[in-house]
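Everything below belongs to structure.txt, which stores compact mmCIF, C-alpha atoms and all ligand atoms.
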# COMPACT_ATOMS: atom_id res chain seq x y z
CA MET A 1 -8.79 30.90 67.42
CA ASP A 2 -8.56 30.19 71.16
CA SER A 3 -5.52 32.25 72.19
CA ARG A 4 -3.58 30.90 75.20
CA ARG A 5 -0.97 32.08 77.66
CA ILE A 6 1.83 29.54 77.15
CA GLY A 7 4.97 29.00 79.22
CA ILE A 8 7.86 27.23 77.48
CA LEU A 9 10.50 25.67 79.72
CA GLY A 10 13.82 25.50 77.88
CA ALA A 11 14.87 28.36 75.60
CA GLY A 12 17.31 26.47 73.40
CA SER A 13 16.82 26.32 69.64
CA TRP A 14 13.60 24.28 69.68
CA GLY A 15 11.89 25.98 72.65
CA THR A 16 12.64 29.37 71.08
CA ALA A 17 11.46 28.35 67.61
CA LEU A 18 8.20 26.93 69.00
CA GLY A 19 7.81 30.12 71.04
CA MET A 20 8.23 32.23 67.92
CA HIS A 21 5.71 30.15 66.02
CA LEU A 22 3.11 30.09 68.82
CA SER A 23 3.39 33.85 69.35
CA ARG A 24 2.95 34.45 65.60
CA ARG A 25 -0.21 32.33 65.91
CA GLY A 26 -1.53 34.90 68.41
CA HIS A 27 -0.64 33.24 71.73
CA ARG A 28 1.10 35.08 74.56
CA VAL A 29 4.31 33.13 75.10
CA ARG A 30 6.83 33.30 77.94
CA LEU A 31 10.11 31.40 77.68
CA TRP A 32 12.12 30.28 80.69
CA ASP A 33 15.63 28.82 80.77
CA ILE A 34 17.83 27.58 83.59
CA ASP A 35 20.85 29.45 82.19
CA GLU A 36 20.45 32.97 83.56
CA LYS A 37 23.26 34.41 81.43
CA HIS A 38 21.54 33.08 78.32
CA VAL A 39 18.22 34.62 79.44
CA ALA A 40 19.91 37.98 80.04
CA ALA A 41 21.58 37.87 76.62
CA VAL A 42 18.28 37.10 74.86
CA GLN A 43 16.56 39.93 76.77
CA ALA A 44 19.32 42.35 75.75
CA ASP A 45 19.43 41.25 72.09
CA GLY A 46 15.70 40.80 71.42
CA CYS A 47 16.58 37.49 69.75
CA ASN A 48 18.27 34.19 70.59
CA GLU A 49 21.71 34.96 69.07
CA ARG A 50 23.23 31.81 70.56
CA PHE A 51 20.86 29.25 69.02
CA LEU A 52 18.91 31.08 66.29
CA PRO A 53 21.11 33.99 65.27
CA GLY A 54 19.58 36.80 63.28
CA ILE A 55 15.91 35.86 63.80
CA GLU A 56 14.12 38.59 65.78
CA PHE A 57 11.50 37.80 68.40
CA PRO A 58 7.93 38.55 67.31
CA ASP A 59 5.54 40.50 69.57
CA ARG A 60 3.90 38.50 72.36
CA LEU A 61 7.12 36.56 73.07
CA ASP A 62 9.50 37.24 75.92
CA ILE A 63 11.93 35.41 78.16
CA ASN A 64 12.31 35.36 81.91
CA ALA A 65 14.65 33.58 84.36
CA ASP A 66 11.96 33.48 87.05
CA LEU A 67 10.25 30.11 86.73
CA GLU A 68 7.49 30.93 89.21
CA GLN A 69 6.49 34.07 87.30
CA VAL A 70 6.40 32.20 83.98
CA CYS A 71 4.36 29.29 85.37
CA GLN A 72 1.92 31.50 87.27
CA ALA A 73 1.27 33.61 84.20
CA SER A 74 0.67 30.59 81.92
CA GLN A 75 -2.41 28.49 81.19
CA GLN A 76 -0.39 25.84 79.37
CA LEU A 77 3.14 24.60 80.05
CA LEU A 78 5.39 23.07 77.40
CA ILE A 79 8.74 21.44 78.32
CA VAL A 80 11.42 21.74 75.62
CA THR A 81 14.57 20.89 77.55
CA PRO A 82 17.01 18.16 76.52
CA SER A 83 15.86 14.70 77.68
CA HIS A 84 18.36 14.57 80.55
CA ALA A 85 16.65 17.63 82.11
CA PHE A 86 13.05 16.47 81.56
CA VAL A 87 12.48 14.87 84.97
CA GLU A 88 14.00 17.72 86.99
CA THR A 89 11.96 20.25 84.99
CA LEU A 90 8.80 18.23 85.56
CA ASP A 91 9.52 18.27 89.31
CA ARG A 92 10.13 22.04 89.24
CA ILE A 93 6.84 22.87 87.52
CA ARG A 94 4.68 20.31 89.30
CA PRO A 95 3.07 22.90 91.67
CA TRP A 96 1.55 24.69 88.66
CA LEU A 97 0.22 21.63 86.83
CA SER A 98 -3.47 20.73 87.01
CA VAL A 99 -6.03 18.65 85.17
CA GLU A 100 -7.10 21.88 83.41
CA SER A 101 -3.57 22.80 82.22
CA GLY A 102 -2.34 19.30 81.38
CA LEU A 103 1.31 19.00 80.35
CA ALA A 104 2.95 19.06 76.93
CA TRP A 105 6.54 18.58 75.79
CA ALA A 106 8.60 18.59 72.62
CA THR A 107 11.69 16.86 74.03
CA LYS A 108 12.89 13.79 72.09
CA GLY A 109 14.55 10.99 74.02
CA PHE A 110 14.28 8.53 76.92
CA GLU A 111 14.77 8.96 80.64
CA PRO A 112 18.52 8.40 81.09
CA GLY A 113 19.34 5.26 83.04
CA SER A 114 15.91 3.60 82.84
CA ALA A 115 15.06 3.85 79.11
CA ARG A 116 11.52 4.84 80.04
CA LEU A 117 9.61 6.88 77.49
CA LEU A 118 8.88 10.40 78.74
CA HIS A 119 5.10 9.85 78.84
CA GLU A 120 5.70 6.88 81.18
CA VAL A 121 7.80 9.12 83.42
CA ALA A 122 5.16 11.87 83.33
CA ARG A 123 2.34 9.43 83.96
CA GLU A 124 4.05 7.97 87.02
CA ALA A 125 4.91 11.41 88.41
CA LEU A 126 1.56 13.08 87.71
CA GLY A 127 -1.02 10.30 87.92
CA ASN A 128 -3.60 9.14 85.40
CA ASP A 129 -5.91 12.17 85.33
CA LEU A 130 -3.58 14.86 84.01
CA PRO A 131 -3.78 15.09 80.19
CA LEU A 132 -0.43 14.65 78.41
CA ALA A 133 0.66 15.65 74.90
CA LEU A 134 3.90 15.61 72.99
CA ILE A 135 4.97 17.30 69.79
CA SER A 136 7.18 15.27 67.46
CA GLY A 137 7.97 15.01 63.75
CA PRO A 138 10.36 16.50 61.18
CA SER A 139 11.02 20.02 62.39
CA PHE A 140 14.38 21.75 62.32
CA ALA A 141 14.17 24.68 64.74
CA ARG A 142 15.76 27.15 62.33
CA GLU A 143 13.23 26.38 59.58
CA VAL A 144 10.28 26.78 61.98
CA ALA A 145 11.76 30.03 63.31
CA GLN A 146 12.02 31.24 59.70
CA GLY A 147 8.36 30.35 59.11
CA LEU A 148 9.10 27.68 56.47
CA PRO A 149 6.32 25.07 55.89
CA THR A 150 6.45 22.29 58.51
CA ALA A 151 4.18 19.41 59.56
CA VAL A 152 4.31 17.67 62.95
CA THR A 153 2.47 15.05 64.98
CA VAL A 154 0.82 15.80 68.32
CA ALA A 155 0.35 12.61 70.34
CA ALA A 156 -1.89 12.93 73.37
CA SER A 157 -3.44 10.88 76.15
CA THR A 158 -6.92 12.28 75.47
CA PRO A 159 -8.46 13.26 72.11
CA ASP A 160 -9.52 16.66 73.47
CA PHE A 161 -6.07 17.60 74.70
CA GLY A 162 -4.43 16.40 71.46
CA ALA A 163 -6.92 18.31 69.34
CA ALA A 164 -6.47 21.42 71.49
CA TRP A 165 -2.65 21.44 71.18
CA ALA A 166 -2.93 20.68 67.45
CA GLU A 167 -5.28 23.64 67.05
CA TRP A 168 -3.06 26.00 69.06
CA LEU A 169 -0.11 25.04 66.82
CA HIS A 170 -1.87 24.67 63.49
CA GLY A 171 -1.64 27.56 60.99
CA ASP A 172 0.93 30.07 59.69
CA ASN A 173 2.74 27.50 57.52
CA PHE A 174 2.58 24.88 60.27
CA ARG A 175 0.39 21.77 60.10
CA ALA A 176 -0.26 19.66 63.19
CA TYR A 177 -1.79 16.20 62.91
CA TYR A 178 -2.92 14.38 66.06
CA THR A 179 -2.81 10.80 67.27
CA ALA A 180 -3.38 8.82 70.46
CA ASP A 181 -0.19 6.80 69.93
CA LEU A 182 2.23 8.21 72.52
CA PRO A 183 4.71 5.29 72.39
CA GLY A 184 4.92 5.46 68.58
CA ALA A 185 5.48 9.23 68.42
CA GLU A 186 8.06 9.11 71.23
CA LEU A 187 9.97 6.11 69.89
CA GLY A 188 10.19 7.55 66.38
CA GLY A 189 11.49 10.90 67.67
CA ALA A 190 14.10 9.27 69.89
CA LEU A 191 15.43 6.44 67.70
CA LYS A 192 15.84 8.51 64.53
CA ASN A 193 18.63 10.45 66.25
CA VAL A 194 20.80 7.33 66.57
CA LEU A 195 20.13 6.38 62.94
CA ALA A 196 21.10 9.91 61.85
CA VAL A 197 24.52 9.36 63.44
CA ALA A 198 24.86 6.18 61.34
CA CYS A 199 23.97 8.10 58.16
CA GLY A 200 26.39 10.91 59.06
CA ILE A 201 29.17 8.35 59.52
CA ALA A 202 28.37 6.65 56.20
CA ASP A 203 28.22 9.96 54.32
CA GLY A 204 31.41 11.15 56.02
CA LEU A 205 33.14 7.98 54.83
CA GLY A 206 31.92 8.71 51.28
CA LEU A 207 29.84 5.53 51.03
CA GLY A 208 27.24 7.05 48.73
CA GLY A 209 23.48 7.19 48.29
CA ASN A 210 22.83 3.44 48.23
CA THR A 211 24.29 3.08 51.72
CA ARG A 212 22.30 6.04 53.06
CA ALA A 213 19.03 4.63 51.65
CA ALA A 214 19.82 1.20 53.09
CA LEU A 215 20.55 2.66 56.54
CA ILE A 216 17.33 4.67 56.56
CA THR A 217 15.23 1.69 55.47
CA ARG A 218 16.84 -0.90 57.70
CA GLY A 219 16.83 1.70 60.50
CA LEU A 220 13.08 1.92 60.07
CA ALA A 221 12.93 -1.89 60.38
CA GLU A 222 14.71 -1.57 63.76
CA MET A 223 12.22 1.10 64.85
CA MET A 224 9.32 -1.13 63.79
CA ARG A 225 10.68 -4.15 65.71
CA LEU A 226 11.19 -2.20 68.94
CA GLY A 227 7.90 -0.39 68.34
CA ARG A 228 6.07 -3.72 68.13
CA ALA A 229 7.56 -4.75 71.49
CA LEU A 230 6.49 -1.46 73.12
CA GLY A 231 2.98 -1.24 71.68
CA ALA A 232 3.61 1.48 69.07
CA SER A 233 1.47 1.57 65.96
CA PRO A 234 3.32 0.90 62.67
CA LEU A 235 1.18 3.66 61.15
CA THR A 236 2.76 6.22 63.48
CA LEU A 237 6.24 4.95 62.63
CA THR A 238 5.53 5.33 58.92
CA GLY A 239 4.13 8.82 59.56
CA LEU A 240 5.70 12.18 60.39
CA ALA A 241 7.05 11.15 63.80
CA GLY A 242 8.75 8.08 62.30
CA VAL A 243 9.74 8.05 58.65
CA GLY A 244 9.30 11.82 58.33
CA ASP A 245 11.75 12.66 61.08
CA LEU A 246 14.06 9.79 60.16
CA VAL A 247 14.46 11.05 56.59
CA LEU A 248 14.93 14.67 57.70
CA THR A 249 17.52 13.91 60.34
CA CYS A 250 19.43 11.33 58.28
CA THR A 251 19.74 13.62 55.26
CA GLY A 252 19.60 17.25 56.48
CA ASP A 253 22.85 18.93 57.44
CA LEU A 254 21.05 21.09 60.02
CA SER A 255 20.81 17.92 62.12
CA ARG A 256 23.21 17.91 65.07
CA ASN A 257 22.99 14.10 65.25
CA ARG A 258 23.91 13.67 61.59
CA ARG A 259 26.75 16.18 62.07
CA LEU A 260 28.04 14.09 64.98
CA GLY A 261 28.31 11.14 62.58
CA LEU A 262 30.11 13.26 59.98
CA ALA A 263 32.62 14.40 62.64
CA LEU A 264 33.21 10.83 63.89
CA ALA A 265 33.91 9.72 60.31
CA GLU A 266 36.56 12.46 60.13
CA GLY A 267 38.25 10.81 63.10
CA LYS A 268 37.16 13.31 65.77
CA SER A 269 36.52 12.01 69.28
CA LEU A 270 32.99 11.99 70.67
CA GLU A 271 33.91 14.70 73.20
CA THR A 272 35.45 17.03 70.58
CA ALA A 273 32.58 16.52 68.14
CA VAL A 274 29.88 17.24 70.75
CA GLU A 275 31.78 20.28 72.04
CA GLU A 276 32.15 21.68 68.53
CA ILE A 277 28.44 21.22 67.81
CA GLY A 278 27.75 23.18 71.02
CA GLN A 279 24.12 22.08 71.41
CA VAL A 280 22.33 19.00 72.65
CA VAL A 281 23.07 15.85 70.60
CA GLU A 282 20.37 13.50 71.88
CA ALA A 283 21.75 10.40 70.11
CA VAL A 284 24.54 10.09 72.65
CA ARG A 285 22.21 9.29 75.55
CA THR A 286 19.57 7.70 73.33
CA ALA A 287 21.99 5.12 71.88
CA GLU A 288 22.63 3.85 75.40
CA GLU A 289 18.95 3.71 76.32
CA ALA A 290 17.93 2.15 72.98
CA MET A 291 20.44 -0.65 73.54
CA ARG A 292 19.03 -1.15 77.06
CA LEU A 293 15.54 -1.54 75.55
CA ALA A 294 16.75 -3.81 72.73
CA ARG A 295 18.34 -6.16 75.27
CA ARG A 296 15.35 -6.00 77.62
CA HIS A 297 12.90 -6.89 74.84
CA HIS A 298 15.23 -9.21 72.87
CA VAL A 299 14.94 -7.05 69.75
CA GLU A 300 17.65 -7.09 67.10
CA MET A 301 18.91 -3.54 66.38
CA PRO A 302 22.22 -3.98 64.55
CA ILE A 303 22.62 -0.40 63.26
CA THR A 304 21.88 1.06 66.70
CA GLU A 305 24.33 -1.44 68.20
CA GLN A 306 27.10 -0.33 65.82
CA VAL A 307 26.48 3.34 66.64
CA TYR A 308 26.58 2.48 70.35
CA GLY A 309 29.88 0.62 69.87
CA ILE A 310 31.41 3.52 67.92
CA LEU A 311 30.27 6.07 70.54
CA PHE A 312 31.18 4.15 73.70
CA GLU A 313 33.37 1.13 72.94
CA GLY A 314 35.92 2.67 70.59
CA TRP A 315 34.75 0.58 67.57
CA SER A 316 35.97 2.00 64.28
CA PRO A 317 33.34 3.58 61.97
CA SER A 318 34.59 1.72 58.89
CA LYS A 319 34.56 -1.61 60.73
CA GLY A 320 30.95 -0.87 61.77
CA VAL A 321 29.91 -0.72 58.13
CA ARG A 322 31.75 -3.98 57.36
CA VAL A 323 30.05 -5.76 60.26
CA LEU A 324 26.64 -4.65 58.99
CA MET A 325 27.43 -5.79 55.43
CA GLU A 326 28.66 -9.19 56.59
CA ARG A 327 25.61 -10.10 58.65
CA GLU A 328 24.01 -13.36 57.66
CA LEU A 329 21.47 -13.54 54.85
CA LYS A 330 17.86 -13.15 56.04
CA SER A 331 14.35 -12.37 54.93
CA GLU A 332 13.68 -8.63 54.52
CA THR A 333 10.49 -8.77 56.59
CA GLU A 334 11.86 -10.76 59.57
N1 LIG B 401 16.58 21.95 67.61
C1 LIG B 401 15.69 21.30 66.89
O1 LIG B 401 15.62 21.46 65.66
C2 LIG B 401 14.73 20.34 67.56
C3 LIG B 401 13.58 19.97 66.88
C4 LIG B 401 12.70 19.07 67.46
C5 LIG B 401 12.97 18.56 68.72
N2 LIG B 401 14.08 18.94 69.38
C6 LIG B 401 14.31 18.38 70.72
O2 LIG B 401 14.10 19.42 71.68
C7 LIG B 401 14.92 19.18 72.85
C8 LIG B 401 15.70 20.44 73.15
O3 LIG B 401 16.62 20.62 72.08
P1 LIG B 401 17.19 22.02 71.60
O4 LIG B 401 17.52 21.83 70.18
O5 LIG B 401 16.32 23.14 71.99
O6 LIG B 401 18.56 22.06 72.47
P2 LIG B 401 19.63 23.24 72.52
O7 LIG B 401 20.95 22.58 72.74
O8 LIG B 401 19.45 24.17 71.40
O9 LIG B 401 19.23 24.02 73.86
C9 LIG B 401 19.08 23.35 75.08
C10 LIG B 401 18.53 24.36 76.09
O10 LIG B 401 18.15 23.64 77.26
C11 LIG B 401 18.58 24.39 78.38
N3 LIG B 401 18.77 23.47 79.50
C12 LIG B 401 19.79 22.63 79.72
N4 LIG B 401 19.63 22.00 80.89
C13 LIG B 401 18.46 22.48 81.41
C14 LIG B 401 17.77 22.24 82.61
N5 LIG B 401 18.25 21.38 83.50
N6 LIG B 401 16.61 22.89 82.81
C15 LIG B 401 16.14 23.75 81.91
N7 LIG B 401 16.77 24.06 80.75
C16 LIG B 401 17.91 23.42 80.52
C17 LIG B 401 19.88 25.03 77.94
O11 LIG B 401 20.21 26.15 78.77
C18 LIG B 401 19.53 25.43 76.50
O12 LIG B 401 18.94 26.70 76.46
C19 LIG B 401 15.77 17.96 72.49
O13 LIG B 401 15.19 16.80 73.05
C20 LIG B 401 15.73 17.88 70.97
O14 LIG B 401 15.89 16.57 70.47
C21 LIG B 401 14.97 19.82 68.84
O1 LIG B 402 19.34 18.52 65.11
P1 LIG B 402 18.77 17.19 65.51
O2 LIG B 402 19.51 16.04 64.92
O3 LIG B 402 18.63 17.11 67.01
O4 LIG B 402 17.29 17.10 64.91
C1 LIG B 402 16.38 18.11 65.22
C2 LIG B 402 14.94 17.62 65.07
O5 LIG B 402 14.70 16.54 65.94
C3 LIG B 402 14.55 17.30 63.67
O6 LIG B 402 13.19 16.95 63.62
Before we go any further, please render this structure as structure tokens.
Ligand SMILES: NC(=O)c1ccc[n+]([C@@H]2O[C@H](COP(=O)([O-])OP(=O)(O)OC[C@H]3O[C@@H](n4cnc5c(N)ncnc54)[C@H](O)[C@@H]3O)[C@@H](O)[C@H]2O)c1
Ligand SMILES: O=P(O)(O)OC[C@H](O)CO
Amino acid sequence: MDSRRIGILGAGSWGTALGMHLSRRGHRVRLWDIDEKHVAAVQADGCNERFLPGIEFPDRLDINADLEQVCQASQQLLIVTPSHAFVETLDRIRPWLSVESGLAWATKGFEPGSARLLHEVAREALGNDLPLALISGPSFAREVAQGLPTAVTVAASTPDFGAAWAEWLHGDNFRAYYTADLPGAELGGALKNVLAVACGIADGLGLGGNTRAALITRGLAEMMRLGRALGASPLTLTGLAGVGDLVLTCTGDLSRNRRLGLALAEGKSLETAVEEIGQVVEAVRTAEEAMRLARRHHVEMPITEQVYGILFEGWSPSKGVRVLMERELKSETE
């Protein structure tokens, strides 16, 4: 296997888990994080106690607060910050990006304020020649860090770059499929977070399995409608980056977005719930951006709209369910 020197920007749970996996695959991996105290703690502990407690770092993985050192030492750069930090991280690492290195990321979300997909942001910032790739799909960080079987999608702007990232990732209980559909892989990874909040709310209210299945399925219909407007392939949305991640996040209690829904159903405020979770909960920003896109493209997204209303307009979770149930009769495939 072609072993690479990889720099990962963002040493939260997902950046660290991907770093662990890639170093087990034989790559030399350097993590960087903006939080210097966090970096110092990881260096002292030999593991990421804050986000992945109890899982020791393998050989060939270390962490550094010096961005220049990490970027200079790396052949490939992978951004794994929350979506709100994507653009500033891109700007920081721009001096070390080239057509040979390309750029990859595993962030899920939109650019806050514009609702642009991250590949659109990267394309505008870096031009058309630099290869881009993103990693998406059903992948809880803790399970990847533990080496449990996982399958993801790598979407890339060129077949060579997609195949290269898939090969660097693939192996050691980790399958990577590749596709050219960047909008599909990005939309699936972003929108599923909002739908997971809806499922968390429904489960927290004790509404049962029928409701959960209905939310997942009709949530997929929302994804498909917006996907059609943005040029995503339905095949991607029924693959790992769509249905796969939707099912995982809507049903798995490791999901921070699902746990936000459970906390809201208990009557906790958004601020308290997010603070208690203590990690990024992408649905909060994504709900806002998804509604912006729905309005811009005249796409009906009633579940997303209810989640938005509950998060930002003070709508009650139980009323949200009633509104969805009382919508007018329509064809399932509309
Ligand atoms: N955790 C998972 O299971 C998982 C899986 C797949 C995708 N993702 C996605 O990966 C992204 C990162 O999530 P996470 O779970 O690692 O979050 P996290 O909350 O575990 O950690 C976030 C990390 O980002 C760092 N950070 C914050 N602002 C930064 C900035 N301006 N510059 C650089 N670093 C900054 C923080 O210091 C922290 O270390 C999200 O978009 C998430 O949806 C997460
Ligand atoms: O914990 P969540 O809800 O951010 O989900 C993590 C991953 O995106 C699951 O694929």
As an exercise, work out the distance from atom CA of Gly162 of chain A to atom CA of Leu134 of chain A in Å and give it to one decimal place.
8.5 Å
Length of the atom CA of Ser331 of chain A to atom CA of Gly239 of chain A vector [Å]:
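The value is 24.0 Å.
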Between A:Glu49, A:Glu275, A:Asp129, A:Glu167, which residue has the minimum interatomic distance to Ser101 of chain A, considering only C-alpha atoms?
A:Asp129
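Straight-line separation from atom CA of Thr89 of chain A to atom CA of Asn64 of chain A: 15.4 Å.
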List as a tab-separated table (two decimals) with C-alpha atoms, in the frame of the given file the protein and nucleic acid residues near Ala164 of chain A, meaning an atom at most 10 Å away when only C-alpha atoms are counted, but skip any in the same chain fewer than 5 places from it.
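That gives us selection-v4.tsv:
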chain	number	residue	atom	x	y	z
A	2	ASP	CA	-8.56	30.19	71.16
A	133	ALA	CA	0.66	15.65	74.90
A	154	VAL	CA	0.82	15.80	68.32
A	156	ALA	CA	-1.89	12.93	73.37
A	158	THR	CA	-6.92	12.28	75.47
A	159	PRO	CA	-8.46	13.26	72.11
A	169	LEU	CA	-0.11	25.04	66.82
A	170	HIS	CA	-1.87	24.67	63.49
A	178	TYR	CA	-2.92	14.38	66.06
What does the list of residues within 9 Å of ligand LIG 402 (chain B) look like if you count all atoms listed in the file, written as a ChimeraX atom specification?
/A:14,107-108,136-141,152,189-190,192-194,196-197,241,244-246,248-250,252-260,279-283
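The closest residue to ligand LIG 401 (chain B), picked from A:Val70, A:Ala229, A:Val144, A:Ala163 and counting only C-alpha atoms and all ligand atoms, is A:Val144.
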Axis-aligned box over every listed atom of segment 210-217 of chain A, padded by 4 Å per side: centre and edges in Å to one decimal, as AutoDock Vina command-line options?
--center_x 19.8 --center_y 3.6 --center_z 52.4 --size_x 17.1 --size_y 12.8 --size_z 16.3
Write out as a PyMOL selection string which residues come within 7 Å of Arg212 of chain A when counting all atoms listed in the file, dropping same-chain ones fewer than 4 positions away.
chain A and resi 199+202+208+216
Shortest contact to Thr179 of chain A, candidates A:Ser157, A:Ser83, A:Gln69, A:Thr286, atoms counted all atoms listed in the file, goes to A:Ser157
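Proximity to ligand LIG 401 (chain B) was assessed for A:Glu124, A:Glu186, A:Glu100, A:Glu300 counting all atoms listed in the file; the smallest distance is recorded for A:Glu186.
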Need to verify the contact set: segment 35-47 of chain A, 7 Å, only C-alpha atoms, exclusion of same-chain residues closer than 3 positions in sequence. Can you return it as a compact mmCIF listing (two decimals) with C-alpha atoms, in the coordinates of the input?
# COMPACT_ATOMS: atom_id res chain seq x y z
CA ILE A 55 15.91 35.86 63.80
CA GLU A 56 14.12 38.59 65.78
CA PHE A 57 11.50 37.80 68.40
CA ILE A 63 11.93 35.41 78.16
CA ASN A 64 12.31 35.36 81.91
CA ALA A 65 14.65 33.58 84.36
Rank A:His84, A:Arg30, A:His21, A:His298 by their smallest atom-to-atom distance to ligand LIG 401 (chain B), using only C-alpha atoms and all ligand atoms, and report the top residue only.
A:His84
